[in-house]
$ cat protein_13.txt   # compact mmCIF, C-alpha atoms and all ligand atoms
# COMPACT_ATOMS: atom_id res chain seq x y z
CA MET A 1 -19.49 -22.13 -3.56
CA GLU A 2 -16.30 -22.03 -1.43
CA ILE A 3 -15.00 -25.12 -3.25
CA ILE A 4 -15.75 -23.67 -6.68
CA ILE A 5 -13.87 -20.48 -5.76
CA SER A 6 -10.97 -22.54 -4.40
CA VAL A 7 -10.70 -24.48 -7.65
CA ARG A 8 -11.01 -21.26 -9.69
CA ASN A 9 -8.20 -19.61 -7.70
CA THR A 10 -5.94 -22.66 -7.93
CA LEU A 11 -6.45 -22.84 -11.68
CA LEU A 12 -5.83 -19.12 -12.22
CA GLY A 13 -2.77 -19.22 -9.98
CA PHE A 14 -1.37 -22.18 -11.89
CA LEU A 15 -1.95 -20.48 -15.27
CA TYR A 16 -0.33 -17.26 -14.04
CA ARG A 17 2.75 -18.92 -12.54
CA ALA A 18 3.24 -21.49 -15.32
CA ILE A 19 2.45 -19.42 -18.41
CA LEU A 20 1.86 -15.70 -17.94
CA ARG A 21 4.58 -14.88 -15.38
CA PRO A 22 7.46 -16.49 -17.32
CA VAL A 23 6.48 -14.43 -20.37
CA LEU A 24 5.95 -11.18 -18.44
CA PHE A 25 9.24 -11.60 -16.57
CA LEU A 26 11.10 -11.65 -19.91
CA ILE A 27 9.89 -8.09 -20.52
CA GLU A 28 11.39 -5.04 -18.80
CA ALA A 29 9.59 -4.48 -15.47
CA GLU A 30 8.31 -0.93 -16.01
CA THR A 31 6.93 -1.87 -19.44
CA VAL A 32 4.92 -4.66 -17.79
CA HIS A 33 3.74 -2.26 -15.09
CA ASN A 34 2.45 0.12 -17.79
CA LEU A 35 0.84 -2.79 -19.64
CA ALA A 36 -0.96 -3.83 -16.43
CA ILE A 37 -2.24 -0.27 -15.93
CA ASN A 38 -3.54 -0.09 -19.51
CA THR A 39 -5.20 -3.51 -19.21
CA GLY A 40 -6.81 -2.48 -15.92
CA ARG A 41 -8.03 0.79 -17.43
CA PHE A 42 -9.61 -1.08 -20.32
CA LEU A 43 -11.24 -3.70 -18.07
CA GLY A 44 -12.56 -0.99 -15.79
CA SER A 45 -14.01 1.06 -18.63
CA ASN A 46 -17.33 -0.76 -19.05
CA PRO A 47 -19.77 -2.82 -16.95
CA VAL A 48 -19.38 -5.99 -19.04
CA THR A 49 -15.61 -6.28 -18.58
CA ARG A 50 -15.96 -5.29 -14.93
CA PHE A 51 -18.53 -8.02 -14.39
CA LYS A 52 -16.42 -10.66 -16.18
CA THR A 53 -13.35 -9.67 -14.16
CA GLY A 54 -15.43 -10.00 -11.00
CA VAL A 55 -16.50 -13.52 -11.95
CA LEU A 56 -12.82 -14.47 -12.28
CA PHE A 57 -11.44 -12.73 -9.22
CA ASN A 58 -14.04 -11.72 -6.67
CA TYR A 59 -14.61 -13.30 -3.26
CA SER A 60 -16.77 -12.12 -0.41
CA ASN A 61 -17.29 -13.35 3.12
CA LYS A 62 -19.01 -11.36 5.83
CA THR A 63 -16.51 -12.41 8.52
CA LEU A 64 -13.92 -10.23 6.73
CA SER A 65 -15.93 -7.03 6.94
CA GLN A 66 -14.88 -4.31 9.41
CA GLU A 67 -15.73 -0.74 10.29
CA LEU A 68 -12.59 1.28 11.07
CA ALA A 69 -12.31 5.03 11.62
CA GLY A 70 -15.85 5.41 10.29
CA ILE A 71 -15.13 3.54 7.05
CA ARG A 72 -16.67 0.21 6.06
CA PHE A 73 -14.14 -2.23 4.55
CA LYS A 74 -15.75 -5.32 2.97
CA ASN A 75 -12.43 -7.13 3.22
CA PRO A 76 -9.03 -6.20 4.67
CA ILE A 77 -6.89 -6.57 1.52
CA GLY A 78 -5.93 -3.33 -0.21
CA LEU A 79 -3.68 -2.32 -3.06
CA ALA A 80 -0.64 -0.49 -1.67
CA ALA A 81 0.44 2.91 -3.00
CA GLY A 82 2.72 2.96 -6.00
CA PHE A 83 0.96 0.52 -8.33
CA ASP A 84 -1.88 2.85 -9.33
CA LYS A 85 0.14 6.04 -9.12
CA ASP A 86 -2.26 8.22 -11.11
CA GLY A 87 -5.57 6.70 -10.02
CA TYR A 88 -6.47 4.99 -13.29
CA LEU A 89 -7.58 1.68 -11.74
CA THR A 90 -10.29 2.67 -9.27
CA ASN A 91 -13.03 1.20 -11.51
CA ILE A 92 -11.49 -2.25 -11.80
CA LEU A 93 -9.89 -2.83 -8.38
CA PRO A 94 -13.17 -3.83 -6.66
CA SER A 95 -13.72 -6.51 -9.36
CA VAL A 96 -10.19 -7.85 -8.72
CA GLY A 97 -11.37 -8.43 -5.14
CA PHE A 98 -9.65 -5.59 -3.31
CA GLY A 99 -11.43 -4.27 -0.22
CA PHE A 100 -9.73 -0.88 -0.56
CA ALA A 101 -6.85 0.81 -2.36
CA GLU A 102 -4.35 3.64 -2.11
CA ILE A 103 -3.61 5.74 -5.16
CA GLY A 104 -0.39 7.72 -5.52
CA SER A 105 1.94 8.78 -4.24
CA VAL A 106 0.50 12.02 -5.57
CA THR A 107 2.69 15.11 -5.28
CA GLY A 108 2.14 18.86 -5.51
CA GLU A 109 3.68 19.07 -8.99
CA PRO A 110 3.76 16.55 -11.86
CA CYS A 111 6.99 14.57 -11.79
CA SER A 112 8.57 12.26 -14.37
CA GLY A 113 10.56 10.48 -11.66
CA ASN A 114 14.14 9.21 -11.71
CA PRO A 115 15.97 8.27 -14.94
CA LYS A 116 15.17 4.81 -16.38
CA PRO A 117 15.73 1.95 -15.73
CA ARG A 118 14.19 2.30 -12.27
CA LEU A 119 12.38 -0.97 -11.58
CA TRP A 120 13.99 -4.40 -11.29
CA ARG A 121 12.76 -7.82 -10.20
CA ILE A 122 14.90 -9.83 -7.79
CA PRO A 123 13.09 -13.15 -8.22
CA LYS A 124 15.23 -15.30 -5.92
CA SER A 125 14.46 -12.93 -3.06
CA LYS A 126 10.82 -12.49 -4.17
CA GLY A 127 11.21 -8.75 -4.21
CA ILE A 128 11.32 -5.71 -6.46
CA VAL A 129 13.89 -2.93 -6.41
CA VAL A 130 12.01 0.33 -6.88
CA ASN A 131 13.64 3.59 -7.87
CA TYR A 132 10.70 5.33 -9.55
CA GLY A 133 11.32 8.53 -7.64
CA LEU A 134 7.64 9.39 -7.22
CA ARG A 135 6.65 9.48 -10.88
CA ASN A 136 3.08 10.82 -11.08
CA GLU A 137 0.90 13.23 -13.02
CA GLY A 138 0.65 15.65 -10.10
CA CYS A 139 -2.24 16.58 -7.80
CA LYS A 140 -3.99 19.00 -10.17
CA LYS A 141 -4.48 16.60 -13.06
CA ILE A 142 -5.26 13.54 -10.93
CA SER A 143 -7.75 15.29 -8.65
CA LYS A 144 -9.49 16.85 -11.67
CA ARG A 145 -9.92 13.45 -13.27
CA LEU A 146 -11.15 11.74 -10.08
CA GLY A 147 -13.18 14.68 -8.79
CA ASN A 148 -16.67 13.57 -9.72
CA LYS A 149 -16.21 9.85 -9.27
CA ASN A 150 -18.01 7.56 -6.86
CA PHE A 151 -15.73 4.80 -5.66
CA SER A 152 -17.28 1.46 -4.72
CA ILE A 153 -14.46 0.66 -2.26
CA PRO A 154 -12.64 3.03 0.10
CA VAL A 155 -9.88 4.79 -1.82
CA GLY A 156 -7.04 6.42 0.05
CA VAL A 157 -4.96 9.20 -1.44
CA ASN A 158 -1.27 8.83 -0.63
CA VAL A 159 0.41 12.23 -0.73
CA ALA A 160 4.13 12.97 -0.87
CA LYS A 161 6.32 15.91 -1.77
CA THR A 162 7.49 16.41 -5.35
CA ASN A 163 10.83 14.82 -6.12
CA SER A 164 12.83 17.97 -6.91
CA ALA A 165 15.62 20.16 -5.57
CA LYS A 166 13.08 22.91 -4.79
CA THR A 167 11.05 20.86 -2.32
CA SER A 168 14.15 19.90 -0.35
CA VAL A 169 13.89 23.37 1.19
CA LEU A 170 11.74 22.70 4.29
CA LYS A 171 9.14 25.42 3.69
CA ASP A 172 8.69 24.43 0.03
CA GLY A 173 8.52 20.74 0.90
CA ILE A 174 5.71 21.37 3.40
CA ALA A 175 3.86 23.62 0.92
CA ASP A 176 4.09 20.87 -1.69
CA TYR A 177 2.57 18.22 0.62
CA VAL A 178 -0.18 20.64 1.64
CA LYS A 179 -0.97 21.48 -2.00
CA ALA A 180 -1.45 17.79 -2.81
CA TYR A 181 -3.49 17.24 0.38
CA LYS A 182 -5.79 20.21 -0.29
CA SER A 183 -6.51 19.03 -3.85
CA PHE A 184 -8.08 15.83 -2.51
CA LEU A 185 -10.14 17.13 0.41
CA GLU A 186 -13.36 16.05 -1.33
CA ILE A 187 -11.97 12.92 -2.99
CA GLY A 188 -11.49 9.47 -1.48
CA ALA A 189 -12.04 7.99 1.97
CA PHE A 190 -8.71 8.56 3.71
CA PHE A 191 -5.29 10.15 3.36
CA THR A 192 -1.88 8.62 3.77
CA ILE A 193 1.03 10.98 4.26
CA ASN A 194 4.08 9.31 2.81
CA ILE A 195 7.11 10.36 4.85
CA SER A 196 9.17 7.39 3.77
CA CYS A 197 9.91 7.44 0.04
CA PRO A 198 13.44 6.04 -0.07
CA ASN A 199 14.27 7.20 -3.57
CA ALA A 200 13.48 10.89 -3.92
CA PHE A 201 15.71 13.99 -3.90
CA GLY A 202 16.75 15.04 -0.41
CA GLY A 203 15.94 11.70 1.31
CA GLU A 204 13.24 11.40 3.97
CA PRO A 205 13.36 14.71 5.89
CA PHE A 206 9.94 14.23 7.52
CA THR A 207 11.03 11.23 9.52
CA ASP A 208 12.77 13.87 11.61
CA PRO A 209 10.31 14.58 14.46
CA GLY A 210 10.85 18.35 14.41
CA LYS A 211 10.14 18.59 10.69
CA LEU A 212 7.19 16.20 10.95
CA GLU A 213 5.74 18.42 13.67
CA LEU A 214 5.88 21.40 11.29
CA LEU A 215 4.32 19.41 8.44
CA LEU A 216 1.44 18.05 10.53
CA ALA A 217 0.79 21.46 12.09
CA GLU A 218 0.37 22.86 8.58
CA ILE A 219 -1.89 19.94 7.54
CA ASP A 220 -4.01 20.52 10.66
CA LYS A 221 -4.81 24.03 9.48
CA THR A 222 -7.05 22.61 6.75
CA GLU A 223 -9.65 20.44 8.41
CA THR A 224 -10.72 17.12 7.01
CA LYS A 225 -13.25 14.60 8.25
CA LYS A 226 -11.17 11.87 6.67
CA PRO A 227 -8.75 9.76 8.66
CA ILE A 228 -5.06 10.42 8.05
CA PHE A 229 -2.41 7.70 8.15
CA LEU A 230 1.36 8.09 8.21
CA LYS A 231 3.37 5.79 5.97
CA MET A 232 6.37 4.65 7.96
CA PRO A 233 9.79 3.53 6.79
CA PRO A 234 10.72 0.03 8.01
CA ASP A 235 14.35 0.79 8.81
CA LEU A 236 14.25 3.30 11.67
CA PRO A 237 15.61 2.71 15.18
CA THR A 238 12.82 2.31 17.74
CA SER A 239 13.85 5.56 19.45
CA GLN A 240 12.99 7.46 16.25
CA VAL A 241 9.74 5.48 15.81
CA ASP A 242 8.82 6.59 19.35
CA GLU A 243 9.52 10.21 18.49
CA ILE A 244 7.43 10.04 15.31
CA ILE A 245 4.52 8.51 17.25
CA ASN A 246 4.87 11.21 19.91
CA VAL A 247 4.40 13.80 17.18
CA ALA A 248 1.51 11.83 15.63
CA GLU A 249 -0.26 11.76 19.02
CA ARG A 250 -0.31 15.55 19.07
CA HIS A 251 -2.05 15.67 15.67
CA LYS A 252 -5.02 14.07 13.95
CA ILE A 253 -3.30 10.86 12.94
CA THR A 254 -5.57 7.80 12.86
CA GLY A 255 -2.89 5.24 12.27
CA PHE A 256 0.19 4.02 10.47
CA VAL A 257 0.97 2.13 7.30
CA CYS A 258 3.73 -0.28 8.33
CA SER A 259 5.61 -0.01 6.08
CA ASN A 260 7.30 1.33 2.96
CA LEU A 261 10.21 -0.14 0.96
CA THR A 262 13.31 -1.22 2.84
CA LYS A 263 16.68 0.29 2.08
CA LYS A 264 18.53 -2.64 3.66
CA ARG A 265 20.17 -5.14 1.36
CA ILE A 266 20.95 -7.89 3.81
CA LYS A 267 20.60 -11.61 3.06
CA LEU A 268 19.39 -11.23 -0.54
CA ALA A 269 19.49 -14.46 -2.54
CA ASP A 270 19.93 -12.67 -5.88
CA LYS A 271 23.51 -12.13 -7.00
CA SER A 272 23.26 -8.69 -8.55
CA VAL A 273 20.97 -6.17 -6.91
CA PRO A 274 20.94 -2.54 -8.09
CA VAL A 275 22.32 -0.19 -5.46
CA ALA A 276 19.75 2.56 -5.98
CA GLY A 277 16.17 2.28 -4.73
CA GLY A 278 14.15 0.58 -2.02
CA ILE A 279 13.13 -3.08 -1.92
CA SER A 280 9.61 -4.51 -1.68
CA GLY A 281 8.31 -8.03 -1.10
CA LYS A 282 9.84 -10.71 1.09
CA PRO A 283 12.99 -8.68 1.96
CA ALA A 284 10.65 -6.04 3.49
CA GLU A 285 8.47 -8.48 5.43
CA ALA A 286 10.33 -8.98 8.71
CA ALA A 287 10.88 -5.28 9.35
CA SER A 288 7.23 -4.55 8.56
CA ASN A 289 6.11 -7.22 11.03
CA GLU A 290 8.45 -5.91 13.73
CA LEU A 291 7.10 -2.39 13.32
CA ILE A 292 3.46 -3.55 13.47
CA SER A 293 4.25 -5.56 16.56
CA TYR A 294 6.13 -2.70 18.23
CA ILE A 295 3.40 -0.12 17.67
CA TYR A 296 0.55 -2.45 18.64
CA ARG A 297 2.33 -3.61 21.80
CA LYS A 298 2.75 0.00 22.90
CA PHE A 299 -0.58 1.45 21.81
CA GLY A 300 -3.06 -1.39 21.21
CA LYS A 301 -6.07 -0.22 19.24
CA LYS A 302 -5.41 3.48 19.81
CA PHE A 303 -4.02 3.58 16.27
CA VAL A 304 -5.30 1.68 13.23
CA ILE A 305 -2.38 -0.23 11.73
CA ILE A 306 -2.24 -1.08 8.03
CA GLY A 307 0.28 -3.89 7.56
CA CYS A 308 2.25 -3.80 4.32
CA GLY A 309 5.34 -5.63 3.11
CA GLY A 310 5.89 -9.13 1.77
CA VAL A 311 2.31 -10.44 1.93
CA PHE A 312 2.01 -13.31 -0.55
CA SER A 313 -0.48 -15.60 1.23
CA ALA A 314 -3.33 -15.73 3.74
CA GLU A 315 -0.82 -16.96 6.35
CA ASP A 316 1.40 -13.90 5.75
CA ALA A 317 -1.62 -11.60 6.10
CA TYR A 318 -2.93 -13.41 9.19
CA LYS A 319 0.46 -13.09 10.87
CA LYS A 320 0.36 -9.31 10.44
CA ILE A 321 -3.25 -9.21 11.67
CA LYS A 322 -2.43 -11.23 14.78
CA LEU A 323 0.50 -8.89 15.45
CA GLY A 324 -1.91 -5.93 15.40
CA ALA A 325 -2.70 -4.88 11.82
CA SER A 326 -6.39 -4.29 11.06
CA LEU A 327 -5.86 -3.94 7.32
CA ILE A 328 -3.31 -5.31 4.86
CA GLU A 329 -1.85 -3.83 1.68
CA LEU A 330 0.19 -5.49 -1.01
CA ILE A 331 1.73 -5.13 -4.46
CA THR A 332 4.61 -7.57 -4.84
CA GLY A 333 2.65 -10.73 -3.94
CA MET A 334 0.27 -9.92 -6.80
CA ILE A 335 3.14 -9.44 -9.23
CA TYR A 336 4.79 -12.76 -8.32
CA ASP A 337 1.67 -14.89 -7.84
CA GLY A 338 -1.05 -13.24 -9.96
CA PRO A 339 -4.13 -11.08 -9.31
CA GLN A 340 -6.15 -14.04 -7.97
CA VAL A 341 -3.89 -13.82 -4.90
CA VAL A 342 -6.32 -11.22 -3.48
CA ALA A 343 -9.22 -13.73 -3.47
CA GLU A 344 -6.87 -16.50 -2.29
CA ILE A 345 -5.79 -14.41 0.70
CA ASN A 346 -9.35 -13.37 1.55
CA GLN A 347 -10.67 -16.92 1.31
CA GLY A 348 -7.69 -18.22 3.27
CA LEU A 349 -8.27 -15.60 5.99
CA ALA A 350 -11.92 -16.63 6.33
CA ARG A 351 -10.73 -20.23 6.72
CA LEU A 352 -8.07 -19.34 9.30
CA LEU A 353 -10.59 -17.34 11.35
CA LYS A 354 -12.96 -20.30 11.37
CA LYS A 355 -10.14 -22.66 12.37
CA ASP A 356 -9.33 -20.39 15.32
CA GLY A 357 -13.00 -20.28 16.34
CA LEU A 358 -13.30 -16.54 15.61
CA GLU A 359 -16.43 -14.96 14.19
CA SER A 360 -14.91 -11.83 12.71
CA LEU A 361 -11.59 -10.51 11.55
CA SER A 362 -11.51 -7.77 14.17
CA GLU A 363 -11.34 -10.47 16.89
CA ALA A 364 -8.02 -11.63 15.42
CA VAL A 365 -6.38 -8.19 15.43
CA GLY A 366 -3.46 -8.29 17.87
CA LEU A 367 -4.37 -11.76 19.19
CA ASP A 368 -0.71 -12.85 19.35
CA ASN A 369 0.57 -9.58 20.73
CA ARG A 370 -0.78 -8.20 23.99
CA PRO A 371 -0.44 -4.45 24.50
CA GLU A 372 1.88 -3.62 27.45
C1 LIG B 401 6.50 -0.50 -8.08
C2 LIG B 401 6.31 0.07 -6.71
C3 LIG B 401 6.11 1.45 -6.57
C4 LIG B 401 5.91 1.99 -5.30
N1 LIG B 401 5.66 3.33 -5.18
C5 LIG B 401 5.25 3.82 -3.97
C6 LIG B 401 4.78 5.16 -3.86
O1 LIG B 401 4.72 5.92 -4.83
N2 LIG B 401 4.39 5.58 -2.62
C7 LIG B 401 4.41 4.78 -1.51
O2 LIG B 401 4.00 5.21 -0.43
N3 LIG B 401 4.86 3.50 -1.60
C8 LIG B 401 5.26 3.01 -2.80
N4 LIG B 401 5.68 1.70 -2.89
C9 LIG B 401 5.77 0.88 -1.68
C10 LIG B 401 4.52 0.02 -1.50
O3 LIG B 401 3.39 0.82 -1.27
C11 LIG B 401 4.69 -0.96 -0.31
O4 LIG B 401 4.89 -0.20 0.86
C12 LIG B 401 5.86 -1.91 -0.50
O5 LIG B 401 5.97 -2.33 -1.84
C13 LIG B 401 5.73 -3.16 0.38
O6 LIG B 401 4.61 -3.93 0.00
P1 LIG B 401 4.74 -5.24 -0.92
O7 LIG B 401 5.86 -6.06 -0.38
O8 LIG B 401 3.41 -5.92 -0.83
O9 LIG B 401 5.01 -4.76 -2.30
C14 LIG B 401 5.94 1.14 -4.15
C15 LIG B 401 6.17 -0.23 -4.31
C16 LIG B 401 6.35 -0.77 -5.56
C17 LIG B 401 6.60 -2.26 -5.69

$ encode --input "protein_13.txt" --output "structure tokens"
Amino acid sequence: MEIIISVRNTLLGFLYRAILRPVLFLIEAETVHNLAINTGRFLGSNPVTRFKTGVLFNYSNKTLSQELAGIRFKNPIGLAAGFDKDGYLTNILPSVGFGFAEIGSVTGEPCSGNPKPRLWRIPKSKGIVVNYGLRNEGCKKISKRLGNKNFSIPVGVNVAKTNSAKTSVLKDGIADYVKAYKSFLEIGAFFTINISCPNAFGGEPFTDPGKLELLLAEIDKTETKKPIFLKMPPDLPTSQVDEIINVAERHKITGFVCSNLTKKRIKLADKSVPVAGGISGKPAEAASNELISYIYRKFGKKFVIIGCGGVFSAEDAYKKIKLGASLIELITGMIYDGPQVVAEINQGLARLLKKDGLESLSEAVGLDNRPE
């Protein structure tokens, strides 16, 4: 069976890279994103298309299963926030092979985002410049639509504050986060609080420890049984990371998503790179790995770390896991290499675990990075 799946993945990967990607990359990036959402919605809409998608993309291996913060993950590869902004893909993502997913970022009010164009590929650097500005349908509409759904994988709701002048006033910004958070108390398996959107009005105020303290104190007032993660920016000095973690320790924070888009534009192979927006993919990988490593070295398994940024292969994912990440999220690897990359990474991880003589993925977490 493993060989058949290997051949299937190789074939699908070849077809994607040789035929589909060159065509898709001729079309404007946001149009392709919308096309992917519509295709995913259609495939998720009935059991036959879900089953057929599963035959093409699924992979399972019990060594990849973990229980973390009371949630069972059948594999560690999740869809990062920002691809399924409005939660339209929750039916199809399990058939694509994902072990979990984050929807959003969802904000207190609907938001059309920044003016277009706002999404660009930088293929030589294997990245994407993202300046969406938190486009989403808003917490009311999205929570209403997802309210009575049973998800077959853990779904996290990534909440942020609406991209507007109003929410740049501290009190209104906090109220906006809390509104989005409260709308999803009964929906999904975990929350992520996004304090690191690089392309919204007023910057990233909640990376300031004092303001984060106020936000988390307000969140604490409405109890949830669900774990809460903080989505970190990759570009902060370690002193500020320390301060954010100090605040997190005083509140009910289960872990960190390391990390969001990078604002740095160093060493990019592409000649012209838009100045606005944050960058995903390979340009975000090193900083993500450094942050995972830093937090794990200081805190070990006290926090659950979700590694995110530049994962294109099983080796990339395994590196993050050995630095201390228990789970992995991705978007850009799937855009450059095709949706079969999820099964490729999962199968590759199972192989790498076996090669290292490990019986389960959790044994590999932090293996190359001893806590102090
Ligand atoms: C098109 C796109 C939109 C994104 N939108 C969001 C978002 O709304 N909220 C968020 O927390 N992260 C967002 N991100 C960041 C991703 O969740 C992730 O942190 C980043 O892309 C690094 O992972 P990758 O290299 O695998 O893409 C977005 C990324 C992309 C590519």

$ residues_near_ligand --input "protein_13.txt" --ligand "ligand LIG 401 (chain B)" --cutoff "6 Å" --atoms "only C-alpha atoms and all ligand atoms" --output "PyMOL selection string"
chain A and resi 80-83+104-105+128+130+134+194+259-261+280-281+308-311+330-333

$ closest_atom_pairs --input "protein_13.txt" --of "range 202-233 of chain A" --to "range 165-169 of chain A" --cutoff "12 Å" --atoms "all atoms listed in the file" --output "tab-separated table"
residue	atom	partner	partner_atom	distance
A:Gly202	CA	A:Ser168	CA	5.5
A:Gly203	CA	A:Ser168	CA	8.6
A:Glu204	CA	A:Ser168	CA	9.6
A:Pro205	CA	A:Ser168	CA	8.2
A:Phe206	CA	A:Ser168	CA	10.6
A:Lys211	CA	A:Val169	CA	11.3

$ residues_around --input "protein_13.txt" --residues "Leu367 in chain A" --least-positions-apart "5" --cutoff "9 Å" --atoms "all atoms listed in the file" --output "PyMOL selection string"
chain A and resi 321-324

$ residues_around --input "protein_13.txt" --residues "Asp316 in chain A" --least-positions-apart "6" --cutoff "10 Å" --atoms "only C-alpha atoms" --output "number ranges by chain"
A: 285, 289, 309-310, 328, 345, 349

$ atom_distance --input "protein_13.txt" --atom1 "CA of Ile37 in chain A" --atom2 "CA of Lys85 in chain A"
9.6 Å

$ closest_residue --input "protein_13.txt" --among "A:Thr262, A:Asn158, A:Asn58, A:Ser95" --to "Ser6 in chain A" --atoms "all atoms listed in the file"
A:Asn58

$ closest_residue --input "protein_13.txt" --among "A:Asp220, A:Glu30, A:Glu359, A:Glu249" --to "Arg121 in chain A" --atoms "all atoms listed in the file"
A:Glu30

$ build_atoms --input "protein_13.txt" --residues "range 27-47 of chain A" --atoms "N, CA and C atoms" --output "mmCIF file, in the coordinates of the input"
data_model
loop_
_atom_site.group_PDB
_atom_site.id
_atom_site.type_symbol
_atom_site.label_atom_id
_atom_site.label_comp_id
_atom_site.auth_asym_id
_atom_site.auth_seq_id
_atom_site.Cartn_x
_atom_site.Cartn_y
_atom_site.Cartn_z
ATOM 1 N N ILE A 27 10.029 -9.483 -20.060
ATOM 2 C CA ILE A 27 9.890 -8.090 -20.520
ATOM 3 C C ILE A 27 10.336 -7.150 -19.396
ATOM 4 N N GLU A 28 10.898 -6.024 -19.776
ATOM 5 C CA GLU A 28 11.390 -5.040 -18.800
ATOM 6 C C GLU A 28 10.262 -4.653 -17.815
ATOM 7 N N ALA A 29 10.613 -4.569 -16.524
ATOM 8 C CA ALA A 29 9.590 -4.480 -15.470
ATOM 9 C C ALA A 29 8.652 -3.273 -15.605
ATOM 10 N N GLU A 30 9.189 -2.105 -15.929
ATOM 11 C CA GLU A 30 8.310 -0.930 -16.010
ATOM 12 C C GLU A 30 7.348 -1.041 -17.193
ATOM 13 N N THR A 31 7.809 -1.677 -18.290
ATOM 14 C CA THR A 31 6.930 -1.870 -19.440
ATOM 15 C C THR A 31 5.738 -2.751 -19.031
ATOM 16 N N VAL A 32 6.010 -3.777 -18.239
ATOM 17 C CA VAL A 32 4.920 -4.660 -17.790
ATOM 18 C C VAL A 32 3.988 -3.909 -16.838
ATOM 19 N N HIS A 33 4.574 -3.066 -15.987
ATOM 20 C CA HIS A 33 3.740 -2.260 -15.090
ATOM 21 C C HIS A 33 2.772 -1.394 -15.917
ATOM 22 N N ASN A 34 3.305 -0.732 -16.952
ATOM 23 C CA ASN A 34 2.450 0.120 -17.790
ATOM 24 C C ASN A 34 1.385 -0.699 -18.522
ATOM 25 N N LEU A 35 1.784 -1.894 -18.957
ATOM 26 C CA LEU A 35 0.840 -2.790 -19.640
ATOM 27 C C LEU A 35 -0.305 -3.184 -18.677
ATOM 28 N N ALA A 36 0.060 -3.462 -17.434
ATOM 29 C CA ALA A 36 -0.960 -3.830 -16.430
ATOM 30 C C ALA A 36 -1.922 -2.669 -16.193
ATOM 31 N N ILE A 37 -1.380 -1.445 -16.146
ATOM 32 C CA ILE A 37 -2.240 -0.270 -15.930
ATOM 33 C C ILE A 37 -3.206 -0.117 -17.119
ATOM 34 N N ASN A 38 -2.670 -0.253 -18.325
ATOM 35 C CA ASN A 38 -3.540 -0.090 -19.510
ATOM 36 C C ASN A 38 -4.597 -1.175 -19.578
ATOM 37 N N THR A 39 -4.221 -2.411 -19.229
ATOM 38 C CA THR A 39 -5.200 -3.510 -19.210
ATOM 39 C C THR A 39 -6.288 -3.227 -18.165
ATOM 40 N N GLY A 40 -5.857 -2.793 -16.990
ATOM 41 C CA GLY A 40 -6.810 -2.480 -15.920
ATOM 42 C C GLY A 40 -7.739 -1.340 -16.292
ATOM 43 N N ARG A 41 -7.193 -0.347 -16.980
ATOM 44 C CA ARG A 41 -8.030 0.790 -17.430
ATOM 45 C C ARG A 41 -9.083 0.303 -18.402
ATOM 46 N N PHE A 42 -8.655 -0.554 -19.335
ATOM 47 C CA PHE A 42 -9.610 -1.080 -20.320
ATOM 48 C C PHE A 42 -10.690 -1.916 -19.608
ATOM 49 N N LEU A 43 -10.257 -2.822 -18.737
ATOM 50 C CA LEU A 43 -11.240 -3.700 -18.070
ATOM 51 C C LEU A 43 -12.202 -2.901 -17.191
ATOM 52 N N GLY A 44 -11.716 -1.801 -16.659
ATOM 53 C CA GLY A 44 -12.560 -0.990 -15.790
ATOM 54 C C GLY A 44 -13.492 -0.058 -16.553
ATOM 55 N N SER A 45 -13.319 0.008 -17.878
ATOM 56 C CA SER A 45 -14.010 1.060 -18.630
ATOM 57 C C SER A 45 -15.475 0.758 -18.928
ATOM 58 N N ASN A 46 -15.900 -0.507 -18.818
ATOM 59 C CA ASN A 46 -17.330 -0.760 -19.050
ATOM 60 C C ASN A 46 -17.859 -1.885 -18.163
ATOM 61 N N PRO A 47 -19.184 -1.884 -17.927
ATOM 62 C CA PRO A 47 -19.770 -2.820 -16.950
ATOM 63 C C PRO A 47 -19.572 -4.289 -17.331
#
